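Participant: What follows is a single structure, and I will ask about it in a moment.
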Amino acid sequence: MTRVLIVDDSPVMRHYVARTLRMTGMDFAIHEAENGRVAIDKACEIKPEVIITDLTMPEMGGRELIARVHAAAGLGSTRVIVLSADRSPGLSDELIRAGASAYLVKPVSPEHLKASLMKIIKVDV
Amino acid sequence: MTDRMTAPDACVVAAAMEQVLRVMYFCESVYRGGSSVEAPVLSTSLTFEGAVHGTFRVMVSERCARQMTADFLVLESEDVSSDQIEATVREFANVICGATLNLWIPEATLRFSVPADLARVDEPQSSGHCFSVSEDRTEIAIDALLR
């Protein structure tokens with residue numbers, strides 16, 4: 001079972017992402033966190049294969065979360081997908097250089113989110 | 001850049017609205033131009049800073065907000081809570097602001113604030129860019145106000 005941690009301060013976005021994952025028909029163990037600080041604690045506990053995170057959140061945002069994940073013991077194989085409405089030029093490259101595996105711009109369709117996730121965890125769709 | 005720019009025009013806001021509603025809320029919109037959003041109206045706003053500065057305002061009729069929330073969460077509209085409506089409208093504001101400003105000035109780096117808590121108004125609210133998403137009701141409006 002693939003463990004996925006969804007990190008967003010918006011409960012409806014967490015719901016949307018979780019529902020999209022369930023619609024794939026694959027066996028995911030879905031966990032949620034409302035910001036990066038809560039997420040890093042939870043990630044150290046559950047060792048997710050994938051973290052899907054918002055960029056701007058209170059307490060700790062996506063940038064710091066990516067850095068913490070890569071610095072944390074036991075999370076070396078955890079991949080991070082960033083999901084944000086911020087379309088600033090160069091942002092995608094910046095986040096990939098920082099260690100994100102993918103950057104998805106909202107609005108993101110369920111099909112696009114699913115395809116990106118499958119690519120990251122190397123499952124054919 | 002602000003001095004020589006005017007706010008996003010009808011083509012930009014209509015294209016952004018069409019994209020966001022179709023992809024994330026599974027519905028279509030019709031651009032109505034300047035009009036009034038039917039009451040009761042839920043409104044929020046966020047600020048943007050960077051190459052241009054201003055405020056992005058979103059107004060949605062309460063009826064439409066409930067339906068958007070139900071569609072987004074795949075729930076029956078009568079099962080939607082006020083907290084879910086609040087979160088959905090604020091998320092919509094965040095996404096439509098990013099989509100509109102990117103279509104308007106794609107080369108700009110902008111920082112957005114968190115959308116404000118929803119305000120509820122019991123009278124119709126006028127706006128320069130209004131949309132229908134069902135029948136002939138005018139139920140959504142967006143405006144970018146430059147400083």
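Chain labels A, B, ... are given in the sequence in which chains occur in the structure tokens; within each chain residues are numbered consecutively from 1, and ligands are likewise numbered from 1 in the order shown.
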Which residues come within 8 Å of Asp86 in chain A, counting only C-alpha atoms, excluding same-chain residues fewer than 5 positions away, as a ChimeraX atom specification?
Facilitator: /A:105-106 /B:98,110-111
Participant: With all heavy atoms retained, write the just-selected residues as a PDB file, in the first residue's frame.
Facilitator:
```pdb
ATOM      1  N   VAL A 105       0.205  23.262 -11.142  1.00  0.00           N
ATOM      2  CA  VAL A 105      -0.453  24.553 -10.955  1.00  0.00           C
ATOM      3  C   VAL A 105      -1.966  24.358 -10.908  1.00  0.00           C
ATOM      4  O   VAL A 105      -2.542  23.700 -11.769  1.00  0.00           O
ATOM      5  CB  VAL A 105      -0.082  25.516 -12.100  1.00  0.00           C
ATOM      6  CG1 VAL A 105      -0.843  26.833 -11.948  1.00  0.00           C
ATOM      7  CG2 VAL A 105       1.412  25.786 -12.099  1.00  0.00           C
ATOM      8  N   LYS A 106      -2.594  24.919  -9.886  1.00  0.00           N
ATOM      9  CA  LYS A 106      -4.053  24.926  -9.818  1.00  0.00           C
ATOM     10  C   LYS A 106      -4.599  25.915 -10.847  1.00  0.00           C
ATOM     11  O   LYS A 106      -3.998  26.977 -11.031  1.00  0.00           O
ATOM     12  CB  LYS A 106      -4.528  25.358  -8.428  1.00  0.00           C
ATOM     13  CG  LYS A 106      -4.107  24.455  -7.293  1.00  0.00           C
ATOM     14  CD  LYS A 106      -4.576  25.071  -5.980  1.00  0.00           C
ATOM     15  CE  LYS A 106      -4.000  24.359  -4.784  1.00  0.00           C
ATOM     16  NZ  LYS A 106      -4.333  25.038  -3.512  1.00  0.00           N
TER      17      LYS A 106
ATOM     18  N   GLY B  98      -4.978  33.563  -9.148  1.00  0.00           N
ATOM     19  CA  GLY B  98      -3.736  33.150  -9.805  1.00  0.00           C
ATOM     20  C   GLY B  98      -3.922  32.983 -11.305  1.00  0.00           C
ATOM     21  O   GLY B  98      -3.096  33.428 -12.110  1.00  0.00           O
ATOM     22  N   LEU B 110       4.334  37.395  -8.708  1.00  0.00           N
ATOM     23  CA  LEU B 110       3.402  38.029  -7.767  1.00  0.00           C
ATOM     24  C   LEU B 110       3.297  37.194  -6.501  1.00  0.00           C
ATOM     25  O   LEU B 110       3.393  35.966  -6.545  1.00  0.00           O
ATOM     26  CB  LEU B 110       2.016  38.165  -8.400  1.00  0.00           C
ATOM     27  CG  LEU B 110       1.918  39.044  -9.646  1.00  0.00           C
ATOM     28  CD1 LEU B 110       0.556  38.862 -10.313  1.00  0.00           C
ATOM     29  CD2 LEU B 110       2.135  40.507  -9.287  1.00  0.00           C
ATOM     30  N   ARG B 111       3.091  37.877  -5.392  1.00  0.00           N
ATOM     31  CA  ARG B 111       2.834  37.193  -4.127  1.00  0.00           C
ATOM     32  C   ARG B 111       1.386  37.488  -3.720  1.00  0.00           C
ATOM     33  O   ARG B 111       0.942  38.637  -3.781  1.00  0.00           O
ATOM     34  CB  ARG B 111       3.788  37.692  -3.038  1.00  0.00           C
ATOM     35  CG  ARG B 111       5.254  37.388  -3.312  1.00  0.00           C
ATOM     36  CD  ARG B 111       6.138  37.991  -2.249  1.00  0.00           C
ATOM     37  NE  ARG B 111       5.986  39.434  -2.130  1.00  0.00           N
ATOM     38  CZ  ARG B 111       6.520  40.330  -2.961  1.00  0.00           C
ATOM     39  NH1 ARG B 111       7.239  39.930  -3.990  1.00  0.00           N
ATOM     40  NH2 ARG B 111       6.323  41.619  -2.773  1.00  0.00           N
TER      41      ARG B 111
END
```
Participant: Leaving out Arg3 in chain A and any residue of its chain fewer than 6 positions from it, which residues lie within 6 Å of it when counting only C-alpha atoms, given as a PDB file with all heavy atoms, in the first residue's frame?
Facilitator:
```pdb
ATOM      1  N   PHE A  28      -4.232   3.249  -1.647  1.00  0.00           N
ATOM      2  CA  PHE A  28      -3.441   4.265  -0.965  1.00  0.00           C
ATOM      3  C   PHE A  28      -3.815   4.317   0.516  1.00  0.00           C
ATOM      4  O   PHE A  28      -4.990   4.210   0.858  1.00  0.00           O
ATOM      5  CB  PHE A  28      -3.722   5.655  -1.556  1.00  0.00           C
ATOM      6  CG  PHE A  28      -3.166   5.862  -2.938  1.00  0.00           C
ATOM      7  CD1 PHE A  28      -4.020   6.003  -4.018  1.00  0.00           C
ATOM      8  CD2 PHE A  28      -1.802   5.926  -3.145  1.00  0.00           C
ATOM      9  CE1 PHE A  28      -3.521   6.204  -5.288  1.00  0.00           C
ATOM     10  CE2 PHE A  28      -1.297   6.130  -4.423  1.00  0.00           C
ATOM     11  CZ  PHE A  28      -2.150   6.269  -5.493  1.00  0.00           C
ATOM     12  N   ALA A  29      -2.807   4.508   1.351  1.00  0.00           N
ATOM     13  CA  ALA A  29      -3.062   4.881   2.745  1.00  0.00           C
ATOM     14  C   ALA A  29      -2.901   6.393   2.796  1.00  0.00           C
ATOM     15  O   ALA A  29      -1.795   6.909   2.611  1.00  0.00           O
ATOM     16  CB  ALA A  29      -2.069   4.197   3.663  1.00  0.00           C
ATOM     17  N   PRO A  48       5.947   8.380   4.468  1.00  0.00           N
ATOM     18  CA  PRO A  48       5.165   8.294   3.225  1.00  0.00           C
ATOM     19  C   PRO A  48       6.053   8.153   1.991  1.00  0.00           C
ATOM     20  O   PRO A  48       7.167   8.682   1.960  1.00  0.00           O
ATOM     21  CB  PRO A  48       4.417   9.638   3.198  1.00  0.00           C
ATOM     22  CG  PRO A  48       5.309  10.574   3.939  1.00  0.00           C
ATOM     23  CD  PRO A  48       5.955   9.748   5.013  1.00  0.00           C
ATOM     24  N   GLU A  49       5.544   7.461   0.987  1.00  0.00           N
ATOM     25  CA  GLU A  49       6.246   7.411  -0.306  1.00  0.00           C
ATOM     26  C   GLU A  49       6.130   8.754  -1.022  1.00  0.00           C
ATOM     27  O   GLU A  49       7.046   9.166  -1.719  1.00  0.00           O
ATOM     28  CB  GLU A  49       5.667   6.312  -1.203  1.00  0.00           C
ATOM     29  CG  GLU A  49       6.182   4.913  -0.907  1.00  0.00           C
ATOM     30  CD  GLU A  49       5.440   4.241   0.240  1.00  0.00           C
ATOM     31  OE1 GLU A  49       4.446   4.802   0.726  1.00  0.00           O
ATOM     32  OE2 GLU A  49       5.858   3.150   0.654  1.00  0.00           O
TER      33      GLU A  49
END
```
Participant: Would you kindly return, as a list in words, each protein, DNA or RNA residue with an atom no farther than 8 Å from any atom of Arg90 in chain B, considering only C-alpha atoms and excluding same-chain residues fewer than 6 positions away?
Facilitator: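 Listing them by chain and then by number gives Thr44, Pro115, Ala116, Asp117 and Leu118 of chain B.
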Participant: Using only C-alpha atoms and a cut-off of 12 Å, which residues of chain B sit close to chain A? Please list them as a ChimeraX atom specification.
Facilitator: /B:16-26,48-51,68-75,80-115
Participant: Can you list, as a list in words, every protein, DNA or RNA residue that comes within 12 Å of range 69-74 of chain A when you count only C-alpha atoms, leaving out same-chain residues fewer than 3 positions away?
Facilitator: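 Near neighbours after the sequence-gap exclusion: Gly36, Arg37, Ala39, Ile40, Asp41, Lys42, Ala43, Cys44, Glu45, Ile46, Lys47, Pro48, Glu49, Val50, Ile51, Thr53, Gly62, Arg63, Glu64, Leu65, Ile66, Ser77, Thr78, Arg79, Val80, Ala98, Gly99, Ala100 and Ser101 of chain A.
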Participant: Considering only helix (DSSP H, G or I) as DSSP defines it on the backbone, what residues of chain B qualify? List them as an NGL selection string.
Facilitator: :B and (2-4 or 10-24 or 62-73 or 77-79 or 82-104)
Participant: So, counting only C-alpha atoms, which residue among A:Leu55, A:Val38, A:Ala67, A:Met60 is closest to Leu104 in chain A?
Facilitator: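 With only C-alpha atoms as the atom set, the closest residue is A:Leu55.
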Participant: Which value, in Å to one decimal, gives the distance between CA of Thr138 in chain B and CA of Arg14 in chain A?
Facilitator: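 A separation of 29.3 Å between them.
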Participant: So that I can see what lies close to Asp27 in chain A, please list as an MDAnalysis selection string the residues with an atom at most 8 Å from it, counting only C-alpha atoms and leaving out residues fewer than 5 positions away in the same chain.
Facilitator: chainID A and resid 1:2 22
Participant: Chain B: which residues are strand (DSSP E or B) by DSSP, as a ChimeraX atom specification?
Facilitator: /B:30-37,41-50,54-61,110-112,119-121,125-132,140-146
Participant: What is the CA of Ala7 in chain B to CA of Leu146 in chain B distance in Å?
Facilitator: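 Value for the CA of Ala7 in chain B-CA of Leu146 in chain B distance: 6.5 Å.
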Participant: Just give me the gap between CA of Ser29 in chain B and CA of His129 in chain B in Å, one decimal is fine.
Facilitator: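 Calculated distance between CA of Ser29 in chain B and CA of His129 in chain B is 12.0 Å.
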Participant: So that I can see what lies close to Leu145 in chain B, please list as a list in words the residues with an atom at most 10 Å from it, counting only C-alpha atoms and leaving out residues fewer than 3 positions away in the same chain.
Facilitator: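 Using only C-alpha atoms, the neighbours found are Thr6, Ala7, Pro8, Thr47, Phe48, His53, Gly54, Thr55, Phe56, Arg57 and Ile142 of chain B.
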Participant: Restricting the calculation to only C-alpha atoms: of A:Leu83, A:Met26, A:Ala33, A:Leu113, which residue gets closest to Leu5 in chain A?
Facilitator: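 Of the candidates, the smallest distance to Leu5 in chain A is held by A:Ala33.
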Participant: Find the residues around Arg137 in chain B up to 10 Å (only C-alpha atoms counted), leave out those fewer than 4 positions away in its own chain, and share them as a PyMOL selection string.
Facilitator: chain B and resi 30+32+36-38+61+64+131-133
Participant: Restricting the calculation to only C-alpha atoms: of B:Gln125, B:Asp79, B:Ala10, B:Arg63, which residue gets closest to Ser43 in chain B?
Facilitator: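 Checking each of B:Gln125, B:Asp79, B:Ala10, B:Arg63 against Ser43 in chain B, counting only C-alpha atoms, the winner is B:Gln125.
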